[in-house]
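Trainee: Handing you this structure, nothing more for now.
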Amino acid sequence: MLLPLFQSRDRSEETDWDGDWSRVLPVLPLRNLVALPYTTPPLAVGLKRSVQLLEDALQGDRTVVLLAMTDPSVEEPGSDGVYQVGTLAQIERALRVQGDSYQIVVRGLARVRVAEWVSDEPYLRVRVEPYPETVTDETEVEALRRELIEAARRTMVFFPQVPEGVVDMLERIEDPDVLLYMLASNIRLEIGQAQEILEGADLSIQMRTLLKIMQRELEVLQLGKSIREEAQSEIEKVQREYFLRQQLKAIKEELGEDEESSVADEYRRKFDEASLPDEARKEAERELDRLVQMNPQSAEAGVIKTYLDWMVDLPWNTFSEDNLDLDHAEEVLEQDHYGLEKVKERILEFLAVRKLRLERGVEDEGDDRAAAILCFVGPPGVGKTSLGRSIARALGREFTRMSLGGVRDEAEIRGHRRTYIGAMPGRILQALKRVGTKNPVFILDEVDKIGADWRGDPASALLEVLDPQQNYAFRDHYLDVDFDLSQVFFICTANTISTIPPALLDRMEVVEIDGYTDCEKVQIAQGYLVPRQIRTNGLHPEEVSFDDIGLQTIIRDFTREAGVRNLEREIGRALRKIAMQTASSSIETPLVVGVDKVREYLGKPRFRDEARLRTELPGVATGLAWTPTGGEVLFIEARVMSDKGGLILTGQLGDVMKESARIALSYVKGELTRLGLSEEALENETVHLHVPAGAIPKDGPSAGVTLVTALVSVLTQQPVRGDLGMTGEITLQGQVLPIGGVKQKVLAAHRHGLGTVILPRANEVDLDDVPAEIRDTLRFVLVDHVDEVLEVALTPPSEHTMELPRESCNGRVRQVADVA
């Protein structure tokens, strides 16, 4: 940084030293200072040795050698404690101050370097030799001189106290070495930087070193100015706000108004409007008293205001009036969703109970806390979430939802404590604030996908929310007062209940929503999906339509899912191609999309009748499996190879399914003679059982009968019927035990074009859950023993079936039905 005033002399004012260069000269070590030629720095001399040196010099010709110390912490350095290049100087003035100390002014004469150290006592003495500045390229030196002057000019802008004529004085200096040392002596330099300039072998090197330092100093000055301006602007803003508030306060005092009391009165008015319960009102009043007593500009005041705003914005006593018209509710549910009779029946029961309670005056007996919490469980795409919207519309309530998929922080449910910066209530209360009522329909989506980690267990936090005996006094960490959630109609959705914690599952009434049949999908597509996709793609209903056969083709050849999400996606894909043709006027309307158009727009079918193709060879049986996304068809392959013997299982099987495979093999080994095989049929033979789609984990006991059938098929070389699917657990005695997921498995068999399904006899009651149109189009074989399975599975279908039309959604048929 340039000092306000340059302390230097022009070369015309100096006198070259004409002394004897061979004489011995005293050395004055300098602490934290490098003396430069042509400058007149003031020095303080206080050490005993230095005072003696000074007094001796004053008795002589006043000439000394100034060398900077390498280590400023050393009290009295020796010859190895100072730099070897310094300045020859003459003492101009000396003034004795307190004690034996002196204040002196020296004038730098020339740059010198040590030639010989003579002695260390009573002070350092040396012989020196001149070390003049050398110029190798005068053009470069001139360019550097101009750059140094320009850098000095820009730097002086930051020091208005420096006289304007200083730059003109610098431009009049002709000797570049004088300019160099003049600028260097007035720039804030580290000892190492100043010594580097002094020791430079060439004048251009010295000037480049100084220019680099000045440019960096200029950058620092510019940045500092920017920081000061920003800080000053902020200070001025705060001061201005303070003055304005003081003026406003004075005006209100003149008018007889009190600002603090007006804020308190406004909040108390809001407390009354919100009808806060006693506990909430007491806490709010306590926080309001704290707010009134503190500075409105403090950070804590902002936190309290945020808390009070949340208190008055929550719907403590704001309700939506229920529409208890059962006919209206049924009409709304039928408009929005096809099928789902059990769910609709449960909603109507809820409305009926609610209506009776109101009519008979039992609303205030506290039984509301025993209201059911519903949990819709089913595959993706069957309409669980959208059903919640329909329920809200039927009841005349507000609707809100919260996705729990991947939530791992308990604070998402209960909120953060106010001790944390930026704390907020949990998402439960945030949602209630958004809808503005205390009794909305609240969907908790994907409750089976909640996580847990070191931040807490959200599923445990939900126990209080979903327990009708507790949620009337739900306590959020942020509010820290009770909030009544008993009027909220909570509905959870999940794909499976296996991952829901038992304690949480126990608080919910599970309503299973199974996959749709092909007929139901056709009706859903005609009534809901096609009209919605026609609007989405900018078409008109009179321009395009789908016939039932075309929709069945999409369902069977392009989707094969439990829900209708992919079906809507494929319908939209076909309509986009129609929209493109309509926009280019290359299509005639109205257009009916049938089988041919479906294949034209969607391409080759993605699915085929796999069961018949896969079971043409012996050793392959078709099983039925349950998954969280609905029922599926499972192919099990068996192969017997000559080897040392053993069992190989592949296909990423779980432990239970591996045990089923071992049981199946043990049963077959024990029944070889009865099956018409020699007892040595499996001697020294390795059995390999494989379930394709190896990337997908598989587990469960229900593949037992399928494993036995595949083994017997490969041993007897009899193919398994291609139109048949089976499921059931087996024992070592060959008994077939009941299994779960019957409806989903039957729907999967229907989707894949199977005509016969083998089930355990104990599962006969579960067939009541299967839609009538599916039961009428399939043949069900109920068995108690695996022998009955083999009798049906390994018998050619011609012995048990005949070609017969099977009724479908529109009176058309699928291929074969059993009449035995």
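Letters for chains follow the order of the structure tokens (A, B, ...), residue numbers begin at 1 for each chain, and ligand numbers begin at 1 in the order shown.
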Got a sec to tell me which of segment 669-731 of chain A DSSP assigns to strand (DSSP E), as a list in words?
Mentor: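 Assigned to strand (DSSP E), within segment 669-731 of chain A: Glu685, Thr686, Val687, His688, Leu689, His690, Leu724, Gly725, Met726, Glu729 and Ile730 of chain A.
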Trainee: What lies within 12 Å of Leu33 of chain A using only C-alpha atoms, ignoring chain neighbours under 5 positions off, as a PyMOL selection string?
Mentor: chain A and resi 28+41-44+66-72+82-83+86-87+185+188-195
Trainee: Out of A:Val51, A:Tyr478, A:Ile149, A:Gly630, which residue has the shortest atom-to-atom distance to Ile304 of chain A when counting only C-alpha atoms?
Mentor: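 Closest to Ile304 of chain A of all the choices is A:Tyr478.
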Trainee: Find the residue from A:Ala583, A:Glu568, A:Lys521, A:Thr39 that sits nearest to Gly538 of chain A; use only C-alpha atoms when measuring.
Mentor: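 When distances to Gly538 of chain A are compared using only C-alpha atoms, the smallest one comes from A:Ala583.
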Trainee: For Arg662 of chain A, list every protein, DNA or RNA residue within 12 Å, evaluated using only C-alpha atoms, and leave out those in the same chain fewer than 2 positions away; present the list as a ChimeraX atom specification.
Mentor: /A:646-649,655-660,664-669,687-689,701,703-704,707-708,711,730-732
Trainee: I'd like the neighbourhood of Trp316 of chain A as a PyMOL selection string, where a residue qualifies if any of its atoms comes within 8 Å (using only C-alpha atoms), though same-chain residues fewer than 5 positions away should be ignored.
Mentor: chain A and resi 274-277+438+483-484
Trainee: Can you list, as a ChimeraX atom specification, every protein, DNA or RNA residue that comes within 6 Å of Pro628 of chain A when you count only C-alpha atoms, leaving out same-chain residues fewer than 2 positions away?
Mentor: /A:379,495-496,630
Trainee: What would the file look like if the residues just selected were written as a PDB file, in the first residue's frame with N, CA and C atoms?
Mentor:
```
ATOM      1  N   PRO A 379     -51.682 -54.674  -6.274  1.00  0.00           N
ATOM      2  CA  PRO A 379     -50.603 -54.427  -7.236  1.00  0.00           C
ATOM      3  C   PRO A 379     -50.623 -52.988  -7.733  1.00  0.00           C
ATOM      4  N   ASN A 495     -48.324 -52.128  -1.657  1.00  0.00           N
ATOM      5  CA  ASN A 495     -48.310 -53.224  -2.625  1.00  0.00           C
ATOM      6  C   ASN A 495     -48.288 -54.579  -1.925  1.00  0.00           C
ATOM      7  N   THR A 496     -47.764 -54.620  -0.713  1.00  0.00           N
ATOM      8  CA  THR A 496     -47.703 -55.866   0.052  1.00  0.00           C
ATOM      9  C   THR A 496     -47.709 -55.525   1.534  1.00  0.00           C
ATOM     10  N   GLY A 630     -48.929 -58.598  -8.298  1.00  0.00           N
ATOM     11  CA  GLY A 630     -49.989 -59.429  -8.819  1.00  0.00           C
ATOM     12  C   GLY A 630     -49.507 -60.851  -9.054  1.00  0.00           C
TER      13      GLY A 630
END
```
Trainee: From the options A:Ile187, A:Leu617, A:Ile500, A:Val481, which residue's atoms come nearest to Asp278 of chain A, counting only C-alpha atoms?
Mentor: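 Of A:Ile187, A:Leu617, A:Ile500, A:Val481, the one nearest Asp278 of chain A, counting only C-alpha atoms, is A:Val481.
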Trainee: I'd like to know which of A:Asp80, A:Glu121, A:Glu729, A:Glu321 is closest to Ser702 of chain A, using only C-alpha atoms.
Mentor: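 With only C-alpha atoms as the atom set, the closest residue is A:Glu729.
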Trainee: Which residues, written as a ChimeraX atom specification, have at least one atom at most 10 Å from Gln735 of chain A, with only C-alpha atoms counted and residues fewer than 4 positions away on the same chain left out?
Mentor: /A:705,728-731,760,783-787
Trainee: Going by DSSP on the backbone, which bits of segment 592-637 of chain A are helix (DSSP H, G or I)? Write them as a list of chain:residue names, please.
Mentor: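 DSSP-assigned helix (DSSP H, G or I) residues in segment 592-637 of chain A: A:Val595, A:Asp596, A:Lys597, A:Val598, A:Arg599, A:Glu600, A:Tyr601, A:Leu602, A:Glu610, A:Ala611, A:Arg612, A:Leu613, A:Arg614.
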Trainee: I need the residues from that last selection saved to file as a JSON list (two decimals), in the first residue's frame (with all heavy atoms), if you can.
Mentor:
```json
[["chain", "number", "residue", "atom", "x", "y", "z"],
["A", 595, "VAL", "N", -58.20, -54.79, -34.25],
["A", 595, "VAL", "CA", -57.00, -55.61, -34.13],
["A", 595, "VAL", "C", -55.93, -55.17, -35.12],
["A", 595, "VAL", "O", -54.75, -55.01, -34.77],
["A", 595, "VAL", "CB", -57.35, -57.10, -34.35],
["A", 595, "VAL", "CG1", -56.09, -57.96, -34.31],
["A", 595, "VAL", "CG2", -58.34, -57.57, -33.29],
["A", 596, "ASP", "N", -56.32, -54.96, -36.39],
["A", 596, "ASP", "CA", -55.33, -54.60, -37.42],
["A", 596, "ASP", "C", -54.67, -53.26, -37.11],
["A", 596, "ASP", "O", -53.45, -53.10, -37.26],
["A", 596, "ASP", "CB", -56.01, -54.55, -38.79],
["A", 596, "ASP", "CG", -56.51, -55.93, -39.22],
["A", 596, "ASP", "OD1", -55.97, -56.93, -38.70],
["A", 596, "ASP", "OD2", -57.44, -56.00, -40.05],
["A", 597, "LYS", "N", -55.49, -52.29, -36.71],
["A", 597, "LYS", "CA", -54.93, -50.97, -36.39],
["A", 597, "LYS", "C", -54.02, -51.04, -35.16],
["A", 597, "LYS", "O", -53.01, -50.33, -35.09],
["A", 597, "LYS", "CB", -56.07, -49.97, -36.15],
["A", 597, "LYS", "CG", -56.82, -49.59, -37.41],
["A", 597, "LYS", "CD", -55.92, -48.81, -38.38],
["A", 597, "LYS", "CE", -56.68, -48.36, -39.59],
["A", 597, "LYS", "NZ", -55.82, -47.64, -40.56],
["A", 598, "VAL", "N", -54.39, -51.86, -34.18],
["A", 598, "VAL", "CA", -53.55, -52.00, -32.99],
["A", 598, "VAL", "C", -52.17, -52.50, -33.38],
["A", 598, "VAL", "O", -51.14, -51.98, -32.95],
["A", 598, "VAL", "CB", -54.21, -52.96, -31.97],
["A", 598, "VAL", "CG1", -53.20, -53.38, -30.90],
["A", 598, "VAL", "CG2", -55.40, -52.29, -31.32],
["A", 599, "ARG", "N", -52.12, -53.53, -34.23],
["A", 599, "ARG", "CA", -50.82, -54.06, -34.64],
["A", 599, "ARG", "C", -50.07, -53.06, -35.52],
["A", 599, "ARG", "O", -48.84, -52.99, -35.50],
["A", 599, "ARG", "CB", -51.01, -55.38, -35.39],
["A", 599, "ARG", "CG", -51.70, -56.44, -34.54],
["A", 599, "ARG", "CD", -51.55, -57.83, -35.13],
["A", 599, "ARG", "NE", -52.34, -58.81, -34.41],
["A", 599, "ARG", "CZ", -51.98, -59.36, -33.27],
["A", 599, "ARG", "NH1", -50.85, -58.99, -32.69],
["A", 599, "ARG", "NH2", -52.75, -60.25, -32.67],
["A", 600, "GLU", "N", -50.80, -52.26, -36.29],
["A", 600, "GLU", "CA", -50.15, -51.24, -37.12],
["A", 600, "GLU", "C", -49.51, -50.15, -36.25],
["A", 600, "GLU", "O", -48.38, -49.72, -36.53],
["A", 600, "GLU", "CB", -51.19, -50.61, -38.05],
["A", 600, "GLU", "CG", -50.63, -49.47, -38.90],
["A", 600, "GLU", "CD", -51.70, -48.78, -39.73],
["A", 600, "GLU", "OE1", -52.80, -49.38, -39.90],
["A", 600, "GLU", "OE2", -51.47, -47.64, -40.18],
["A", 601, "TYR", "N", -50.21, -49.74, -35.21],
["A", 601, "TYR", "CA", -49.71, -48.64, -34.38],
["A", 601, "TYR", "C", -48.70, -49.10, -33.32],
["A", 601, "TYR", "O", -47.76, -48.37, -33.00],
["A", 601, "TYR", "CB", -50.87, -47.92, -33.69],
["A", 601, "TYR", "CG", -51.79, -47.20, -34.65],
["A", 601, "TYR", "CD1", -53.17, -47.23, -34.48],
["A", 601, "TYR", "CD2", -51.29, -46.50, -35.75],
["A", 601, "TYR", "CE1", -54.02, -46.58, -35.35],
["A", 601, "TYR", "CE2", -52.13, -45.84, -36.63],
["A", 601, "TYR", "CZ", -53.50, -45.88, -36.43],
["A", 601, "TYR", "OH", -54.33, -45.23, -37.30],
["A", 602, "LEU", "N", -48.90, -50.29, -32.77],
["A", 602, "LEU", "CA", -48.06, -50.74, -31.66],
["A", 602, "LEU", "C", -46.99, -51.74, -32.06],
["A", 602, "LEU", "O", -46.10, -52.04, -31.25],
["A", 602, "LEU", "CB", -48.94, -51.35, -30.55],
["A", 602, "LEU", "CG", -50.00, -50.42, -29.95],
["A", 602, "LEU", "CD1", -50.73, -51.11, -28.80],
["A", 602, "LEU", "CD2", -49.38, -49.12, -29.47],
["A", 610, "GLU", "N", -46.84, -68.52, -24.07],
["A", 610, "GLU", "CA", -45.60, -69.17, -23.68],
["A", 610, "GLU", "C", -45.82, -70.56, -23.11],
["A", 610, "GLU", "O", -45.01, -71.46, -23.32],
["A", 610, "GLU", "CB", -44.88, -68.31, -22.62],
["A", 610, "GLU", "CG", -43.82, -67.40, -23.19],
["A", 610, "GLU", "CD", -43.00, -66.79, -22.06],
["A", 610, "GLU", "OE1", -43.58, -66.08, -21.24],
["A", 610, "GLU", "OE2", -41.79, -67.04, -22.04],
["A", 611, "ALA", "N", -46.92, -70.74, -22.39],
["A", 611, "ALA", "CA", -47.11, -71.99, -21.67],
["A", 611, "ALA", "C", -47.10, -73.18, -22.63],
["A", 611, "ALA", "O", -46.44, -74.19, -22.39],
["A", 611, "ALA", "CB", -48.41, -71.94, -20.88],
["A", 612, "ARG", "N", -47.81, -73.06, -23.75],
["A", 612, "ARG", "CA", -47.89, -74.19, -24.68],
["A", 612, "ARG", "C", -46.53, -74.44, -25.33],
["A", 612, "ARG", "O", -46.14, -75.58, -25.56],
["A", 612, "ARG", "CB", -48.95, -73.91, -25.73],
["A", 612, "ARG", "CG", -50.35, -73.78, -25.15],
["A", 612, "ARG", "CD", -51.40, -73.51, -26.22],
["A", 612, "ARG", "NE", -52.69, -73.25, -25.61],
["A", 612, "ARG", "CZ", -53.55, -74.18, -25.21],
["A", 612, "ARG", "NH1", -53.23, -75.46, -25.35],
["A", 612, "ARG", "NH2", -54.70, -73.87, -24.68],
["A", 613, "LEU", "N", -45.81, -73.37, -25.66],
["A", 613, "LEU", "CA", -44.52, -73.54, -26.31],
["A", 613, "LEU", "C", -43.48, -74.10, -25.36],
["A", 613, "LEU", "O", -42.66, -74.94, -25.73],
["A", 613, "LEU", "CB", -44.05, -72.19, -26.87],
["A", 613, "LEU", "CG", -44.93, -71.59, -27.97],
["A", 613, "LEU", "CD1", -44.42, -70.20, -28.34],
["A", 613, "LEU", "CD2", -44.95, -72.49, -29.20],
["A", 614, "ARG", "N", -43.49, -73.63, -24.10],
["A", 614, "ARG", "CA", -42.46, -74.04, -23.14],
["A", 614, "ARG", "C", -42.66, -75.48, -22.68],
["A", 614, "ARG", "O", -41.71, -76.15, -22.27],
["A", 614, "ARG", "CB", -42.48, -73.10, -21.93],
["A", 614, "ARG", "CG", -42.12, -71.66, -22.24],
["A", 614, "ARG", "CD", -40.65, -71.49, -22.47],
["A", 614, "ARG", "NE", -39.88, -71.65, -21.26],
["A", 614, "ARG", "CZ", -39.63, -70.65, -20.39],
["A", 614, "ARG", "NH1", -40.09, -69.45, -20.64],
["A", 614, "ARG", "NH2", -38.92, -70.88, -19.31]]
```
Trainee: Which residues, written as a PyMOL selection string, have at least one atom at most 8 Å from segment 208-221 of chain A, with only C-alpha atoms counted and residues fewer than 2 positions away on the same chain left out?
Mentor: chain A and resi 1+144+147-148+151-152+154-155+158+180+184+187+196-197+204-206+223-225
Trainee: For those residues, write N, CA and C atoms to a file as an mmCIF file, in the first residue's frame.
Mentor:
```cif
data_model
loop_
_atom_site.group_PDB
_atom_site.id
_atom_site.type_symbol
_atom_site.label_atom_id
_atom_site.label_comp_id
_atom_site.auth_asym_id
_atom_site.auth_seq_id
_atom_site.Cartn_x
_atom_site.Cartn_y
_atom_site.Cartn_z
ATOM 1 N N MET A 1 0.853 -1.188 0.000
ATOM 2 C CA MET A 1 0.000 0.000 0.000
ATOM 3 C C MET A 1 0.887 1.235 0.000
ATOM 4 N N LEU A 144 9.090 -1.356 -18.386
ATOM 5 C CA LEU A 144 8.767 -1.671 -16.990
ATOM 6 C C LEU A 144 8.620 -0.401 -16.170
ATOM 7 N N GLU A 147 5.155 0.832 -16.740
ATOM 8 C CA GLU A 147 4.150 -0.008 -16.071
ATOM 9 C C GLU A 147 4.140 0.255 -14.574
ATOM 10 N N LEU A 148 5.303 0.474 -13.993
ATOM 11 C CA LEU A 148 5.354 0.768 -12.563
ATOM 12 C C LEU A 148 4.655 2.080 -12.245
ATOM 13 N N ALA A 151 0.928 1.471 -12.500
ATOM 14 C CA ALA A 151 0.441 0.734 -11.323
ATOM 15 C C ALA A 151 0.354 1.652 -10.116
ATOM 16 N N ALA A 152 1.337 2.534 -9.970
ATOM 17 C CA ALA A 152 1.297 3.491 -8.863
ATOM 18 C C ALA A 152 0.111 4.430 -8.997
ATOM 19 N N ARG A 154 -2.813 3.813 -10.441
ATOM 20 C CA ARG A 154 -4.062 3.110 -10.093
ATOM 21 C C ARG A 154 -4.160 2.876 -8.584
ATOM 22 N N THR A 155 -3.008 2.640 -7.978
ATOM 23 C CA THR A 155 -3.023 2.384 -6.536
ATOM 24 C C THR A 155 -3.389 3.635 -5.751
ATOM 25 N N PHE A 158 -6.920 4.697 -4.352
ATOM 26 C CA PHE A 158 -7.465 4.207 -3.094
ATOM 27 C C PHE A 158 -6.979 5.033 -1.900
ATOM 28 N N LEU A 180 12.608 2.621 -8.909
ATOM 29 C CA LEU A 180 12.402 1.303 -8.316
ATOM 30 C C LEU A 180 12.435 1.379 -6.795
ATOM 31 N N ALA A 184 9.425 0.927 -4.040
ATOM 32 C CA ALA A 184 9.547 -0.213 -3.133
ATOM 33 C C ALA A 184 9.541 0.235 -1.681
ATOM 34 N N ILE A 187 5.807 0.826 -0.576
ATOM 35 C CA ILE A 187 4.841 -0.258 -0.741
ATOM 36 C C ILE A 187 4.974 -1.197 0.445
ATOM 37 N N GLU A 196 14.462 -9.580 -1.829
ATOM 38 C CA GLU A 196 14.528 -10.123 -3.188
ATOM 39 C C GLU A 196 14.717 -9.003 -4.205
ATOM 40 N N ILE A 197 14.012 -7.879 -3.989
ATOM 41 C CA ILE A 197 14.176 -6.733 -4.893
ATOM 42 C C ILE A 197 15.587 -6.172 -4.775
ATOM 43 N N SER A 204 16.010 -5.138 -14.617
ATOM 44 C CA SER A 204 14.712 -5.569 -15.147
ATOM 45 C C SER A 204 14.094 -6.636 -14.250
ATOM 46 N N ILE A 205 14.941 -7.512 -13.686
ATOM 47 C CA ILE A 205 14.410 -8.531 -12.769
ATOM 48 C C ILE A 205 13.861 -7.869 -11.516
ATOM 49 N N GLN A 206 14.587 -6.881 -10.988
ATOM 50 C CA GLN A 206 14.118 -6.167 -9.808
ATOM 51 C C GLN A 206 12.789 -5.476 -10.087
ATOM 52 N N LEU A 223 -10.514 -5.535 -3.915
ATOM 53 C CA LEU A 223 -11.413 -6.431 -3.193
ATOM 54 C C LEU A 223 -11.818 -5.834 -1.849
ATOM 55 N N GLY A 224 -10.840 -5.232 -1.153
ATOM 56 C CA GLY A 224 -11.167 -4.604 0.127
ATOM 57 C C GLY A 224 -12.173 -3.476 -0.026
ATOM 58 N N LYS A 225 -12.026 -2.693 -1.090
ATOM 59 C CA LYS A 225 -12.982 -1.609 -1.329
ATOM 60 C C LYS A 225 -14.377 -2.161 -1.560
#
```
Trainee: When you count only C-alpha atoms, which of these residues is closest to Thr756 of chain A: A:Ala681, A:Ala299, A:Val691, A:Val789?
Mentor: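 Closest candidate: A:Val789.
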Trainee: What is the distance between atom CA of Ser486 of chain A and atom CA of Val332 of chain A, in Å to one decimal?
Mentor: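 Atom CA of Ser486 of chain A sits 24.9 Å away from atom CA of Val332 of chain A.
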